[in-house]
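Listing of data-v6.txt; format and content: compact mmCIF, C-alpha atoms.
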# COMPACT_ATOMS: atom_id res chain seq x y z
CA MET X 1 28.43 24.11 -30.27
CA ILE X 2 30.84 21.75 -28.49
CA ILE X 3 32.04 22.53 -24.98
CA ARG X 4 34.97 20.79 -23.27
CA VAL X 5 36.06 20.58 -19.66
CA ASP X 6 39.08 18.87 -18.17
CA SER X 7 38.89 17.88 -14.53
CA LYS X 8 42.72 17.61 -14.38
CA ALA X 9 43.31 21.16 -15.66
CA PRO X 10 44.36 23.80 -13.08
CA LEU X 11 41.46 26.06 -14.12
CA PRO X 12 38.32 25.50 -11.96
CA LEU X 13 35.50 23.63 -13.70
CA VAL X 14 33.09 26.54 -13.20
CA GLU X 15 35.48 28.79 -15.09
CA GLN X 16 35.93 26.20 -17.85
CA VAL X 17 32.15 25.94 -18.37
CA ARG X 18 31.76 29.74 -18.25
CA ARG X 19 34.54 30.24 -20.81
CA GLY X 20 33.13 27.50 -23.04
CA VAL X 21 29.71 29.17 -23.20
CA ARG X 22 31.27 32.63 -23.63
CA ARG X 23 33.30 31.30 -26.53
CA ALA X 24 30.19 29.78 -28.14
CA ILE X 25 28.42 33.15 -27.84
CA ALA X 26 31.43 35.09 -29.17
CA GLU X 27 31.87 32.72 -32.12
CA LYS X 28 28.14 32.94 -32.90
CA ALA X 29 27.64 29.22 -32.33
CA VAL X 30 24.70 30.30 -30.19
CA ALA X 31 22.71 33.47 -30.89
CA PRO X 32 20.56 35.71 -28.70
CA GLY X 33 17.25 33.93 -28.15
CA ASP X 34 18.86 30.46 -28.23
CA GLU X 35 18.19 28.25 -25.25
CA LEU X 36 21.17 26.75 -23.43
CA PRO X 37 20.86 23.12 -22.26
CA PRO X 38 19.29 22.65 -18.82
CA VAL X 39 21.75 22.46 -15.93
CA ARG X 40 20.98 18.78 -15.36
CA GLN X 41 21.56 17.88 -19.02
CA LEU X 42 24.85 19.72 -19.38
CA ALA X 43 26.15 18.46 -16.04
CA GLY X 44 25.22 14.88 -16.97
CA ASP X 45 26.86 15.12 -20.40
CA LEU X 46 30.06 16.67 -19.01
CA GLY X 47 30.11 14.30 -16.04
CA ILE X 48 30.35 17.14 -13.51
CA ASN X 49 28.27 18.36 -10.56
CA LEU X 50 24.96 20.18 -11.15
CA ASN X 51 26.07 23.07 -8.93
CA THR X 52 29.16 23.67 -11.08
CA VAL X 53 27.04 24.28 -14.18
CA ALA X 54 24.46 26.27 -12.20
CA ARG X 55 27.23 28.54 -10.86
CA ALA X 56 28.70 29.03 -14.33
CA TYR X 57 25.22 30.00 -15.64
CA ARG X 58 24.76 32.44 -12.72
CA GLU X 59 28.08 34.12 -13.52
CA LEU X 60 27.11 34.41 -17.20
CA GLU X 61 23.84 35.97 -16.06
CA ARG X 62 25.76 38.52 -13.98
CA GLU X 63 27.76 39.37 -17.10
CA GLY X 64 24.50 40.04 -18.95
CA LEU X 65 25.06 37.32 -21.54
CA VAL X 66 22.23 34.99 -20.50
CA THR X 67 19.04 35.13 -18.51
CA THR X 68 17.32 32.40 -16.55
CA ALA X 69 13.53 32.43 -16.41
CA ARG X 70 11.30 29.91 -14.67
CA GLY X 71 9.79 27.57 -17.24
CA ARG X 72 11.98 28.85 -20.11
CA GLY X 73 15.37 27.75 -18.89
CA THR X 74 18.56 29.66 -19.59
CA VAL X 75 18.49 31.78 -22.73
CA VAL X 76 21.25 33.75 -24.46
CA VAL X 77 20.25 37.43 -24.47
CA ALA X 78 23.26 39.40 -25.73
CA ARG X 79 26.50 39.19 -27.65
CA ARG X 80 28.16 41.89 -25.59
CA THR X 81 28.99 41.53 -21.93
CA THR X 82 28.00 44.24 -19.48
CA ARG X 83 31.48 43.93 -17.99
CA PRO X 84 33.80 44.60 -20.95
CA VAL X 85 37.54 44.05 -20.52
CA LYS X 86 39.54 47.30 -20.36
CA PRO X 87 42.20 47.69 -23.12
CA ALA X 88 44.97 47.67 -20.51
CA ALA X 89 43.71 44.39 -19.06
CA LEU X 90 43.36 42.89 -22.54
CA ARG X 91 46.93 43.97 -23.36
CA ALA X 92 48.18 42.39 -20.13
CA GLN X 93 46.40 39.10 -20.97
CA LEU X 94 47.92 39.19 -24.47
CA ARG X 95 51.40 39.79 -23.07
CA ASP X 96 50.98 36.84 -20.73
CA LEU X 97 49.99 34.64 -23.69
CA LEU X 98 52.94 35.87 -25.76
CA ALA X 99 55.29 35.23 -22.85
CA ASP X 100 53.92 31.67 -22.64
CA ALA X 101 54.48 31.23 -26.38
CA LYS X 102 58.05 32.59 -26.26
CA LEU X 103 58.97 30.49 -23.24
CA SER X 104 57.53 27.44 -25.00
CA GLY X 105 59.80 28.07 -27.99
CA TYR X 106 57.32 29.35 -30.58
CA SER X 107 58.76 31.75 -33.16
CA ALA X 108 57.19 35.19 -33.73
CA ARG X 109 56.02 34.05 -37.17
CA ALA X 110 54.33 30.93 -35.74
CA VAL X 111 52.57 32.99 -33.08
CA ARG X 112 51.42 35.56 -35.65
CA ARG X 113 50.06 32.81 -37.88
CA LEU X 114 48.29 31.22 -34.95
CA VAL X 115 46.73 34.52 -33.87
CA LEU X 116 45.57 35.34 -37.40
CA THR X 117 44.08 31.88 -37.86
CA GLU X 118 42.16 32.15 -34.59
CA VAL X 119 40.93 35.67 -35.38
CA GLU X 120 39.72 34.49 -38.80
CA ARG X 121 38.02 31.48 -37.23
CA SER X 122 36.27 33.32 -34.42
CA VAL X 123 35.48 36.60 -36.25
CA PRO X 124 35.05 36.01 -40.01
CA ALA X 125 36.23 38.95 -42.19
CA ARG X 126 32.69 39.88 -43.29
CA GLY X 127 31.34 40.15 -39.77
CA ARG X 128 34.38 41.84 -38.22
CA LYS X 129 33.95 45.31 -36.78
CA MET Z 1 -1.56 -22.58 -11.42
CA SER Z 2 -5.07 -21.49 -10.52
CA LEU Z 3 -3.56 -18.73 -8.41
CA MET Z 4 -1.52 -17.48 -11.34
CA PHE Z 5 -3.96 -17.81 -14.21
CA PRO Z 6 -7.47 -18.47 -12.90
CA LEU Z 7 -9.12 -17.53 -16.20
CA LEU Z 8 -6.90 -19.89 -18.11
CA ALA Z 9 -7.74 -22.75 -15.78
CA GLU Z 10 -11.47 -22.06 -16.06
CA SER Z 11 -11.48 -21.80 -19.81
CA SER Z 12 -9.28 -24.79 -20.51
CA GLY Z 13 -11.21 -27.01 -18.19
CA SER Z 14 -8.17 -29.19 -17.67
CA LEU Z 15 -6.43 -27.84 -14.63
CA SER Z 16 -3.92 -30.64 -14.29
CA ALA Z 17 -2.79 -30.46 -17.94
CA ALA Z 18 -2.31 -26.69 -17.74
CA ARG Z 19 -0.52 -27.06 -14.42
CA SER Z 20 1.88 -29.65 -15.84
CA ALA Z 21 2.63 -27.54 -18.88
CA PHE Z 22 3.24 -24.48 -16.73
CA ALA Z 23 5.43 -26.47 -14.30
CA VAL Z 24 7.72 -27.55 -17.15
CA TRP Z 25 7.83 -24.61 -19.53
CA PHE Z 26 7.76 -21.63 -17.19
CA PRO Z 27 10.95 -22.52 -15.20
CA ALA Z 28 12.76 -23.73 -18.33
CA PHE Z 29 11.90 -20.50 -20.15
CA MET Z 30 12.92 -18.32 -17.22
CA LEU Z 31 16.19 -20.19 -16.70
CA VAL Z 32 17.15 -19.81 -20.36
CA MET Z 33 16.15 -16.13 -20.59
CA PRO Z 34 19.31 -14.53 -19.06
CA ALA Z 35 21.57 -16.60 -21.31
CA MET Z 36 19.46 -15.73 -24.36
CA GLY Z 37 19.63 -12.08 -23.37
CA LEU Z 38 23.40 -12.34 -23.19
CA VAL Z 39 23.54 -13.98 -26.62
CA PHE Z 40 21.46 -11.11 -27.99
CA TRP Z 41 23.71 -8.55 -26.27
CA CYS Z 42 26.88 -10.15 -27.64
CA TRP Z 43 25.34 -10.34 -31.11
CA LEU Z 44 24.52 -6.62 -31.03
CA THR Z 45 27.89 -5.57 -29.67
CA ASN Z 46 30.07 -8.05 -31.57
CA LEU Z 47 31.66 -9.23 -28.33
CA ARG Z 48 32.71 -12.81 -27.69
CA LEU Z 49 30.09 -14.84 -25.88
CA PRO Z 50 31.30 -15.74 -22.36
CA LEU Z 51 30.92 -19.47 -21.73
CA ARG Z 52 30.48 -19.38 -17.95
CA PRO Z 53 26.87 -18.11 -17.93
CA MET Z 54 26.04 -20.68 -20.62
CA PHE Z 55 27.41 -23.54 -18.50
CA VAL Z 56 25.61 -22.21 -15.43
CA THR Z 57 22.34 -22.10 -17.38
CA LEU Z 58 22.88 -25.67 -18.55
CA ILE Z 59 23.60 -26.84 -15.01
CA ALA Z 60 20.53 -24.97 -13.69
CA LEU Z 61 18.37 -26.67 -16.32
CA LEU Z 62 19.80 -30.08 -15.41
CA LEU Z 63 19.21 -29.43 -11.69
CA PHE Z 64 15.64 -28.36 -12.43
CA GLY Z 65 15.07 -31.55 -14.43
CA LEU Z 66 16.61 -33.63 -11.64
CA SER Z 67 14.46 -31.90 -9.01
CA SER Z 68 11.28 -32.50 -11.06
CA TRP Z 69 12.22 -36.16 -11.57
CA LEU Z 70 13.01 -36.73 -7.87
CA LEU Z 71 9.83 -35.03 -6.65
CA GLY Z 72 7.64 -36.87 -9.13
CA PRO Z 73 4.89 -35.47 -11.38
CA ALA Z 74 2.46 -34.68 -8.53
CA HIS Z 75 4.85 -32.55 -6.50
CA ALA Z 76 6.78 -31.09 -9.45
CA ALA Z 77 3.51 -29.74 -10.88
CA HIS Z 78 2.92 -27.69 -7.73
CA PRO Z 79 3.02 -23.94 -8.53
CA TRP Z 80 5.64 -23.27 -5.87
CA HIS Z 81 8.11 -25.65 -7.50
CA ALA Z 82 7.78 -23.85 -10.83
CA GLN Z 83 7.87 -20.40 -9.21
CA LEU Z 84 10.95 -21.25 -7.15
CA TRP Z 85 12.91 -22.54 -10.14
CA GLY Z 86 11.59 -19.98 -12.58
CA MET Z 87 11.95 -16.79 -10.55
CA GLY Z 88 14.76 -17.88 -8.22
CA GLY Z 89 16.79 -19.39 -11.05
CA PHE Z 90 16.26 -16.36 -13.27
CA PHE Z 91 17.46 -13.86 -10.66
CA LEU Z 92 20.39 -16.05 -9.63
CA VAL Z 93 21.68 -16.59 -13.16
CA PHE Z 94 21.01 -13.01 -14.22
CA PHE Z 95 22.44 -11.13 -11.22
CA VAL Z 96 25.36 -13.44 -10.45
CA PHE Z 97 26.57 -14.34 -13.94
CA VAL Z 98 25.05 -12.16 -16.67
CA PHE Z 99 24.71 -8.68 -15.19
CA PRO Z 100 28.30 -8.54 -13.77
CA TYR Z 101 29.65 -9.52 -17.20
CA ILE Z 102 27.79 -6.65 -18.90
CA ARG Z 103 28.92 -4.21 -16.19
CA ARG Z 104 32.54 -5.32 -16.59
CA THR Z 105 32.46 -4.62 -20.33
CA PHE Z 106 31.30 -1.06 -19.58
CA ASP Z 107 33.93 -0.66 -16.85
CA ALA Z 108 36.65 -1.72 -19.30
CA LEU Z 109 35.99 1.38 -21.40
CA PRO Z 110 37.75 4.65 -20.52
CA GLU Z 111 35.77 7.38 -18.77
CA PRO Z 112 34.17 10.06 -21.00
CA GLU Z 113 36.37 13.10 -21.65
CA GLY Z 114 34.03 15.88 -20.48
CA VAL Z 115 32.77 17.02 -23.87
CA ALA Z 116 29.17 18.09 -24.48
CA THR Z 117 27.03 19.94 -26.97
CA LEU Z 118 25.23 23.20 -26.15
CA ARG Z 119 22.15 22.08 -28.09
CA THR Z 120 19.01 21.56 -26.05
CA ARG Z 121 17.23 18.23 -26.36
CA LYS Z 122 13.49 18.03 -26.95
CA LEU Z 123 11.00 15.22 -26.64
CA GLU Z 124 9.89 14.53 -30.21
CA LEU Z 125 6.58 12.66 -30.47
CA TYR Z 126 3.71 12.73 -32.93
CA PRO Z 127 0.98 15.36 -32.42
CA GLY Z 128 -1.63 14.02 -30.06
CA ALA Z 129 0.81 11.62 -28.42
CA TRP Z 130 -0.53 12.55 -24.99
CA VAL Z 131 -4.22 12.67 -25.96
CA LEU Z 132 -4.74 9.43 -27.93
CA PRO Z 133 -3.72 7.04 -25.09
CA TRP Z 134 -6.17 8.83 -22.77
CA VAL Z 135 -8.94 8.52 -25.36
CA ALA Z 136 -8.25 4.77 -25.66
CA TRP Z 137 -8.13 4.46 -21.87
CA SER Z 138 -11.49 6.28 -21.54
CA VAL Z 139 -13.09 3.96 -24.10
CA LEU Z 140 -11.84 0.92 -22.16
CA VAL Z 141 -13.10 2.37 -18.86
CA VAL Z 142 -16.57 2.92 -20.39
CA ALA Z 143 -16.52 -0.68 -21.71
CA ILE Z 144 -15.59 -1.98 -18.25
CA ALA Z 145 -18.34 0.10 -16.62
CA MET Z 146 -20.90 -1.23 -19.12
CA ARG Z 147 -19.77 -4.80 -18.49
CA GLY Z 148 -20.03 -4.29 -14.74
CA VAL Z 149 -17.16 -5.41 -12.54
CA GLY Z 150 -16.69 -5.56 -8.80
CA LEU Z 151 -14.74 -3.03 -6.75
CA LEU Z 152 -11.53 -5.07 -7.13
CA GLY Z 153 -12.00 -5.10 -10.90
CA TRP Z 154 -11.45 -1.33 -10.99
CA LEU Z 155 -7.92 -1.76 -9.72
CA SER Z 156 -6.63 -2.47 -13.26
CA PRO Z 157 -8.05 0.70 -14.90
CA VAL Z 158 -6.69 2.77 -12.02
CA LEU Z 159 -3.25 1.19 -12.47
CA GLY Z 160 -3.44 1.81 -16.22
CA GLY Z 161 -4.35 5.45 -15.62
CA VAL Z 162 -1.48 5.91 -13.18
CA SER Z 163 0.87 4.38 -15.78
CA LEU Z 164 -0.31 6.95 -18.33
CA LEU Z 165 0.15 9.73 -15.77
CA VAL Z 166 3.79 8.83 -15.16
CA LEU Z 167 4.52 8.39 -18.88
CA ARG Z 168 5.37 12.04 -19.55
CA PRO Z 169 7.78 12.51 -16.59
CA LEU Z 170 9.36 9.17 -17.47
CA LEU Z 171 10.04 10.23 -21.07
CA ARG Z 172 11.33 13.63 -19.94
CA PHE Z 173 13.70 11.80 -17.64
CA GLY Z 174 14.78 9.74 -20.65
CA VAL Z 175 15.55 12.91 -22.62
CA ARG Z 176 17.99 13.98 -19.91
CA GLU Z 177 19.98 10.75 -20.08
CA PRO Z 178 23.67 11.78 -20.28
CA GLU Z 179 25.09 11.85 -23.79
CA PRO Z 180 28.82 12.39 -23.34
CA LEU Z 181 30.68 13.39 -26.48
CA GLY Z 182 34.32 13.24 -27.50
CA GLY Z 183 36.46 11.08 -29.72
CA SER Z 184 37.69 12.15 -33.12
CA ASP Z 185 34.32 13.39 -34.41
CA PRO Z 186 32.00 14.68 -31.65
CA GLU Z 187 29.45 16.02 -34.16
CA ALA Z 188 29.03 12.58 -35.77
CA LEU Z 189 28.63 11.04 -32.34
CA ALA Z 190 26.04 13.70 -31.42
CA ALA Z 191 24.07 12.84 -34.57
CA ARG Z 192 24.16 9.17 -33.61
CA TYR Z 193 22.86 10.03 -30.13
CA VAL Z 194 19.91 11.81 -31.76
CA VAL Z 195 18.95 8.66 -33.71
CA PHE Z 196 19.36 6.46 -30.61
CA ARG Z 197 17.32 8.87 -28.45
CA ARG Z 198 14.46 9.01 -30.97
CA ARG Z 199 14.26 5.21 -31.21
CA ARG Z 200 14.68 4.68 -27.46
CA LEU Z 201 12.01 7.18 -26.44
CA GLY Z 202 9.70 6.20 -29.28
CA PHE Z 203 9.82 2.54 -28.36
CA LEU Z 204 9.50 3.35 -24.64
CA TYR Z 205 6.40 5.40 -25.43
CA VAL Z 206 4.81 2.59 -27.47
CA LEU Z 207 5.71 -0.04 -24.87
CA PHE Z 208 4.38 2.00 -21.99
CA VAL Z 209 1.11 2.92 -23.72
CA VAL Z 210 0.52 -0.72 -24.74
CA LEU Z 211 1.28 -1.85 -21.18
CA ALA Z 212 -1.05 0.77 -19.65
CA LEU Z 213 -3.90 -0.13 -22.02
CA PHE Z 214 -3.31 -3.85 -21.51
CA VAL Z 215 -3.45 -3.46 -17.73
CA THR Z 216 -6.61 -1.34 -18.09
CA ALA Z 217 -8.27 -3.91 -20.34
CA THR Z 218 -7.55 -7.01 -18.23
CA PRO Z 219 -11.08 -7.10 -16.71
CA LEU Z 220 -12.39 -7.45 -20.29
CA MET Z 221 -10.02 -10.29 -21.19
CA TRP Z 222 -10.36 -13.99 -20.60
CA GLY Z 223 -8.90 -17.23 -21.86
CA TRP Z 224 -5.41 -17.22 -23.30
CA LYS Z 225 -5.29 -13.51 -24.18
CA PRO Z 226 -3.80 -12.10 -20.94
CA VAL Z 227 -1.54 -15.14 -20.64
CA ILE Z 228 -0.09 -14.46 -24.09
CA VAL Z 229 -0.14 -10.65 -24.24
CA GLY Z 230 1.41 -10.10 -20.79
CA PRO Z 231 4.59 -12.14 -21.40
CA VAL Z 232 4.88 -10.71 -24.94
CA ILE Z 233 4.95 -7.18 -23.46
CA GLY Z 234 7.42 -8.31 -20.79
CA LEU Z 235 9.64 -10.00 -23.34
CA SER Z 236 9.54 -6.93 -25.62
CA GLY Z 237 10.54 -4.78 -22.66
CA GLY Z 238 13.45 -7.09 -21.87
CA LEU Z 239 14.69 -7.14 -25.46
CA PHE Z 240 14.28 -3.37 -25.66
CA GLY Z 241 16.34 -2.94 -22.46
CA ILE Z 242 19.14 -5.12 -23.83
CA TRP Z 243 19.09 -3.28 -27.16
CA CYS Z 244 19.32 0.09 -25.35
CA ASP Z 245 22.26 -1.08 -23.25
CA ALA Z 246 24.01 -2.46 -26.33
CA GLN Z 247 23.57 0.88 -28.10
CA ARG Z 248 24.93 2.73 -25.05
CA TYR Z 249 27.92 0.40 -25.08
CA LEU Z 250 28.52 0.95 -28.81
CA LEU Z 251 28.33 4.72 -28.36
CA ARG Z 252 30.78 4.59 -25.46
CA ARG Z 253 33.07 2.42 -27.57
CA GLN Z 254 32.97 4.94 -30.39
CA LEU Z 255 33.60 7.69 -27.84
CA ALA Z 256 36.67 5.82 -26.65
CA GLY Z 257 37.87 5.53 -30.25
CA GLN Z 258 37.68 1.74 -30.22
CA ASP Z 259 35.40 1.52 -33.24
CA PRO Z 260 35.83 2.71 -36.79
CA PRO Z 261 33.43 5.57 -37.71
CA LEU Z 262 29.90 4.21 -37.60
CA SER Z 263 28.68 6.28 -40.51
CA GLY Z 264 30.49 3.96 -42.90
CA GLN Z 265 28.75 1.08 -44.63
CA ASP Z 266 31.32 -1.46 -43.45
CA SER Z 267 30.60 -0.86 -39.77
CA PRO Z 268 31.13 -4.06 -37.78
CA THR Z 269 28.39 -3.17 -35.30
CA ARG Z 270 24.77 -4.05 -35.72
CA GLU Z 271 21.62 -2.08 -35.08
CA LEU Z 272 18.08 -3.33 -34.89
CA GLN Z 273 15.59 -1.32 -36.86
CA PHE Z 274 12.60 -0.85 -34.56
CA PRO Z 275 9.50 0.31 -36.39
CA VAL Z 276 9.16 3.53 -34.37
In structure tokens, write the structure found in this file.
Amino acid sequence: MIIRVDSKAPLPLVEQVRRGVRRAIAEKAVAPGDELPPVRQLAGDLGINLNTVARAYRELEREGLVTTARGRGTVVVARRTTRPVKPAALRAQLRDLLADAKLSGYSARAVRRLVLTEVERSVPARGRK
Amino acid sequence: MSLMFPLLAESSGSLSAARSAFAVWFPAFMLVMPAMGLVFWCWLTNLRLPLRPMFVTLIALLLFGLSSWLLGPAHAAHPWHAQLWGMGGFFLVFFVFVFPYIRRTFDALPEPEGVATLRTRKLELYPGAWVLPWVAWSVLVVAIAMRGVGLLGWLSPVLGGVSLLVLRPLLRFGVREPEPLGGSDPEALAARYVVFRRRRLGFLYVLFVVLALFVTATPLMWGWKPVIVGPVIGLSGGLFGIWCDAQRYLLRRQLAGQDPPLSGQDSPTRELQFPV
């Protein structure tokens, strides 16, 4: 349920907020029907501009993950995005990550352990499809 | 004096005695208040008491005593002398010596890290929290109407009603107060924010309702009642404000990792238990 942003990171803040909420949805920290915090609240807590959070919510809405209704706020509606990543794109992202790991000096065993740990954490064995 | 508390003057029958008492105690009380507030703040936060505001308060009290002595009892008892020393002295000591010290202690803490929870915050009050104050207000308005007051006398009930009208937006605004997370245990900090928010909003609700009903009921009061109740509400508000700021400071300190975990029994920080 915790979301983190870093104003010094090269990734734009909008993208950081979007990824944080996506991760919470993917890891089942928030379920369909759950209300996300109002833009003003989240922006205040994170110490960032209101428009940054509003833009991140709009992008999540375009992905079909949340919906914003007047008087009800922003609500999670689905666990699956309407814009799924193609296998080729996913493979490319994975290769980039592995390249980063290799160039940073991680061994193949360390990377494998890390990947397995993260998979177990984000998709528990019982709920995995 | 008669301008400030006409009912008091009428009921006591001794205008000069009341005036003298007011001329002495009101400025002295107001001059000491910022320093007492700072003592309370330092006690809550476990910070060392700065000596400068204490010396300034002492000097201000001495100057007030000197001014009263030089002017003589007749002039020193004039309401303007008391108002000037009481209000002027209070704002000078508070805004020049006390407030900057509190702000500096906040500035000394590192900025929050940009961590938040995705939980929504709700205003938690007892059922009927919005209805009961209006019922009490209506009863008071009926009592005022039965008593019969002039056109100016209706100003207080109107002010009380307006206060009740703004209560809900005010509390909703309070719910949205930023609660930055971070540190070694963000979940523990989030739980502590929940406790603080409940107490803060609960006490604000009680204070505001009491204030609104007090303002509404002033045409029905006479004698010492408004003179006592008004400052008690004001003083409670002041203490409540200091307590809130101290809690915000303690939370920021925990966020910055400058405190041991506050869930432990041996926590060095103190919390007041408000009956809310």
Practice item. Name all residues at most 9 Å from Z:Glu179 (count only C-alpha atoms; drop same-chain ones fewer than 5 positions away) and give them as a PyMOL selection string. Key: (chain X and resi 41+44-46) or (chain Z and resi 116-117+190+193)
Could you write out that same residue set with C-alpha atoms as a PDB file, in the frame of the given file?
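Written file, out_17.pdb:
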ATOM      1  CA  GLN X  41      21.560  17.880 -19.020  1.00  0.00           C
ATOM      2  CA  GLY X  44      25.220  14.880 -16.970  1.00  0.00           C
ATOM      3  CA  ASP X  45      26.860  15.120 -20.400  1.00  0.00           C
ATOM      4  CA  LEU X  46      30.060  16.670 -19.010  1.00  0.00           C
TER       5      LEU X  46
ATOM      6  CA  ALA Z 116      29.170  18.090 -24.480  1.00  0.00           C
ATOM      7  CA  THR Z 117      27.030  19.940 -26.970  1.00  0.00           C
ATOM      8  CA  ALA Z 190      26.040  13.700 -31.420  1.00  0.00           C
ATOM      9  CA  TYR Z 193      22.860  10.030 -30.130  1.00  0.00           C
TER      10      TYR Z 193
END
Check your understanding: Can you tell me how far atom CA of Z:Phe22 sits from atom CA of Z:Val39, in Å to one decimal?
Key -> 24.9 Å
Practice item. Pull out every residue of chain X sitting within 7 Å of chain Z, counting all atoms listed in the file, and send them as a PyMOL selection string. Key: chain X and resi 1-6+35-37+41-42+44-47
Please return as a PDB file with C-alpha atoms, in the frame of the given file every residue within 12 Å of (18.8, 29.3, -16.2), taking into account all atoms listed in the file and the file's own coordinates.
ATOM      1  CA  GLU X  35      18.190  28.250 -25.250  1.00  0.00           C
ATOM      2  CA  LEU X  36      21.170  26.750 -23.430  1.00  0.00           C
ATOM      3  CA  PRO X  37      20.860  23.120 -22.260  1.00  0.00           C
ATOM      4  CA  PRO X  38      19.290  22.650 -18.820  1.00  0.00           C
ATOM      5  CA  VAL X  39      21.750  22.460 -15.930  1.00  0.00           C
ATOM      6  CA  ARG X  40      20.980  18.780 -15.360  1.00  0.00           C
ATOM      7  CA  LEU X  42      24.850  19.720 -19.380  1.00  0.00           C
ATOM      8  CA  VAL X  53      27.040  24.280 -14.180  1.00  0.00           C
ATOM      9  CA  ALA X  54      24.460  26.270 -12.200  1.00  0.00           C
ATOM     10  CA  ARG X  55      27.230  28.540 -10.860  1.00  0.00           C
ATOM     11  CA  ALA X  56      28.700  29.030 -14.330  1.00  0.00           C
ATOM     12  CA  TYR X  57      25.220  30.000 -15.640  1.00  0.00           C
ATOM     13  CA  ARG X  58      24.760  32.440 -12.720  1.00  0.00           C
ATOM     14  CA  GLU X  59      28.080  34.120 -13.520  1.00  0.00           C
ATOM     15  CA  LEU X  60      27.110  34.410 -17.200  1.00  0.00           C
ATOM     16  CA  GLU X  61      23.840  35.970 -16.060  1.00  0.00           C
ATOM     17  CA  ARG X  62      25.760  38.520 -13.980  1.00  0.00           C
ATOM     18  CA  LEU X  65      25.060  37.320 -21.540  1.00  0.00           C
ATOM     19  CA  VAL X  66      22.230  34.990 -20.500  1.00  0.00           C
ATOM     20  CA  THR X  67      19.040  35.130 -18.510  1.00  0.00           C
ATOM     21  CA  THR X  68      17.320  32.400 -16.550  1.00  0.00           C
ATOM     22  CA  ALA X  69      13.530  32.430 -16.410  1.00  0.00           C
ATOM     23  CA  ARG X  70      11.300  29.910 -14.670  1.00  0.00           C
ATOM     24  CA  GLY X  71       9.790  27.570 -17.240  1.00  0.00           C
ATOM     25  CA  ARG X  72      11.980  28.850 -20.110  1.00  0.00           C
ATOM     26  CA  GLY X  73      15.370  27.750 -18.890  1.00  0.00           C
ATOM     27  CA  THR X  74      18.560  29.660 -19.590  1.00  0.00           C
ATOM     28  CA  VAL X  75      18.490  31.780 -22.730  1.00  0.00           C
ATOM     29  CA  VAL X  76      21.250  33.750 -24.460  1.00  0.00           C
ATOM     30  CA  VAL X  77      20.250  37.430 -24.470  1.00  0.00           C
TER      31      VAL X  77
END
Study note, to complete from the structure: Nearest to X:Leu13, restricted to only C-alpha atoms and choosing among X:Thr82, X:Pro87, X:Ala43, X:Thr52, comes out as X:Thr52
**Study point:** Length of the atom CA of Z:Trp69 to atom CA of Z:Val96 vector [Å]
**Key:** 26.3 Å
Check your understanding: Nearest to Z:Gly230: which of Z:Trp43, Z:Trp130, Z:Phe214, Z:Trp154 is it, counting all atoms listed in the file?
Key ->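 Under the stated criterion, the closest residue is Z:Phe214.
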For stretch 47-61 of chain X, take all atoms listed in the file, fit an axis-aligned box around them, add 6 Å to each of the six sides, then output centre and edge lengths in Å rounded to one decimal, as lines of an AutoDock Vina configuration file.
center_x = 27.1
center_y = 25.1
center_z = -13.1
size_x = 18.5
size_y = 33.7
size_z = 20.3
With only C-alpha atoms counted and 10 Å as the cut-off, give the residues of stretch 100-169 of chain Z in contact with stretch 201-205 of chain Z, each with its shortest interatomic distance in Å and the pair that gives it, as CSV.
residue,atom,partner,partner_atom,distance
Z:Leu123,CA,Z:Leu201,CA,8.1
Z:Glu124,CA,Z:Gly202,CA,8.4
Z:Leu125,CA,Z:Gly202,CA,7.3
Z:Tyr126,CA,Z:Gly202,CA,9.6
Z:Ala129,CA,Z:Tyr205,CA,8.9
Z:Trp130,CA,Z:Tyr205,CA,10.0
Z:Leu164,CA,Z:Tyr205,CA,9.9
Z:Leu167,CA,Z:Tyr205,CA,7.4
Z:Arg168,CA,Z:Tyr205,CA,8.9
Grab the residues selected above and save them as a compact mmCIF listing (two decimals), in the coordinates of the input with C-alpha atoms.
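And here is the file that came out, result.txt:
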# COMPACT_ATOMS: atom_id res chain seq x y z
CA LEU Z 123 11.00 15.22 -26.64
CA GLU Z 124 9.89 14.53 -30.21
CA LEU Z 125 6.58 12.66 -30.47
CA TYR Z 126 3.71 12.73 -32.93
CA ALA Z 129 0.81 11.62 -28.42
CA TRP Z 130 -0.53 12.55 -24.99
CA LEU Z 164 -0.31 6.95 -18.33
CA LEU Z 167 4.52 8.39 -18.88
CA ARG Z 168 5.37 12.04 -19.55
Review point. Nearest to Z:Pro157 among Z:Val215, Z:Ala145, Z:Val131, Z:Ser236, with distances taken over all atoms listed in the file: which residue is it?
Key: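 Between Z:Val215, Z:Ala145, Z:Val131, Z:Ser236, the residue approaching Z:Pro157 most closely is Z:Val215.
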Exercise for review: In Å, rounded to a single decimal, give me how far atom CA of Z:Gly160 is from atom CA of Z:Thr216.
Suggested key: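 It comes out at 4.8 Å.
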Review point. Which polymer residues have any atom within 12 Å of an atom of stretch 89-102 of chain X, counting only C-alpha atoms, with same-chain residues fewer than 5 positions away left out, as a PyMOL selection string?
Key: chain X and resi 84+107-112+114-115
Check your understanding: From the list Z:Ala23, Z:Ala217, Z:Ala246, Z:Leu47, which residue is nearest Z:Trp80 when using all atoms listed in the file?
Key ->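 Checking each of Z:Ala23, Z:Ala217, Z:Ala246, Z:Leu47 against Z:Trp80, counting all atoms listed in the file, the winner is Z:Ala23.
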Check your understanding: Counting all atoms listed in the file, what is within 12 Å of Z:Pro27, bar same-chain residues fewer than 3 positions away, as a ChimeraX atom specification?
Key -> /Z:20-24,30-33,57,60-65,67-68,76-77,79-91
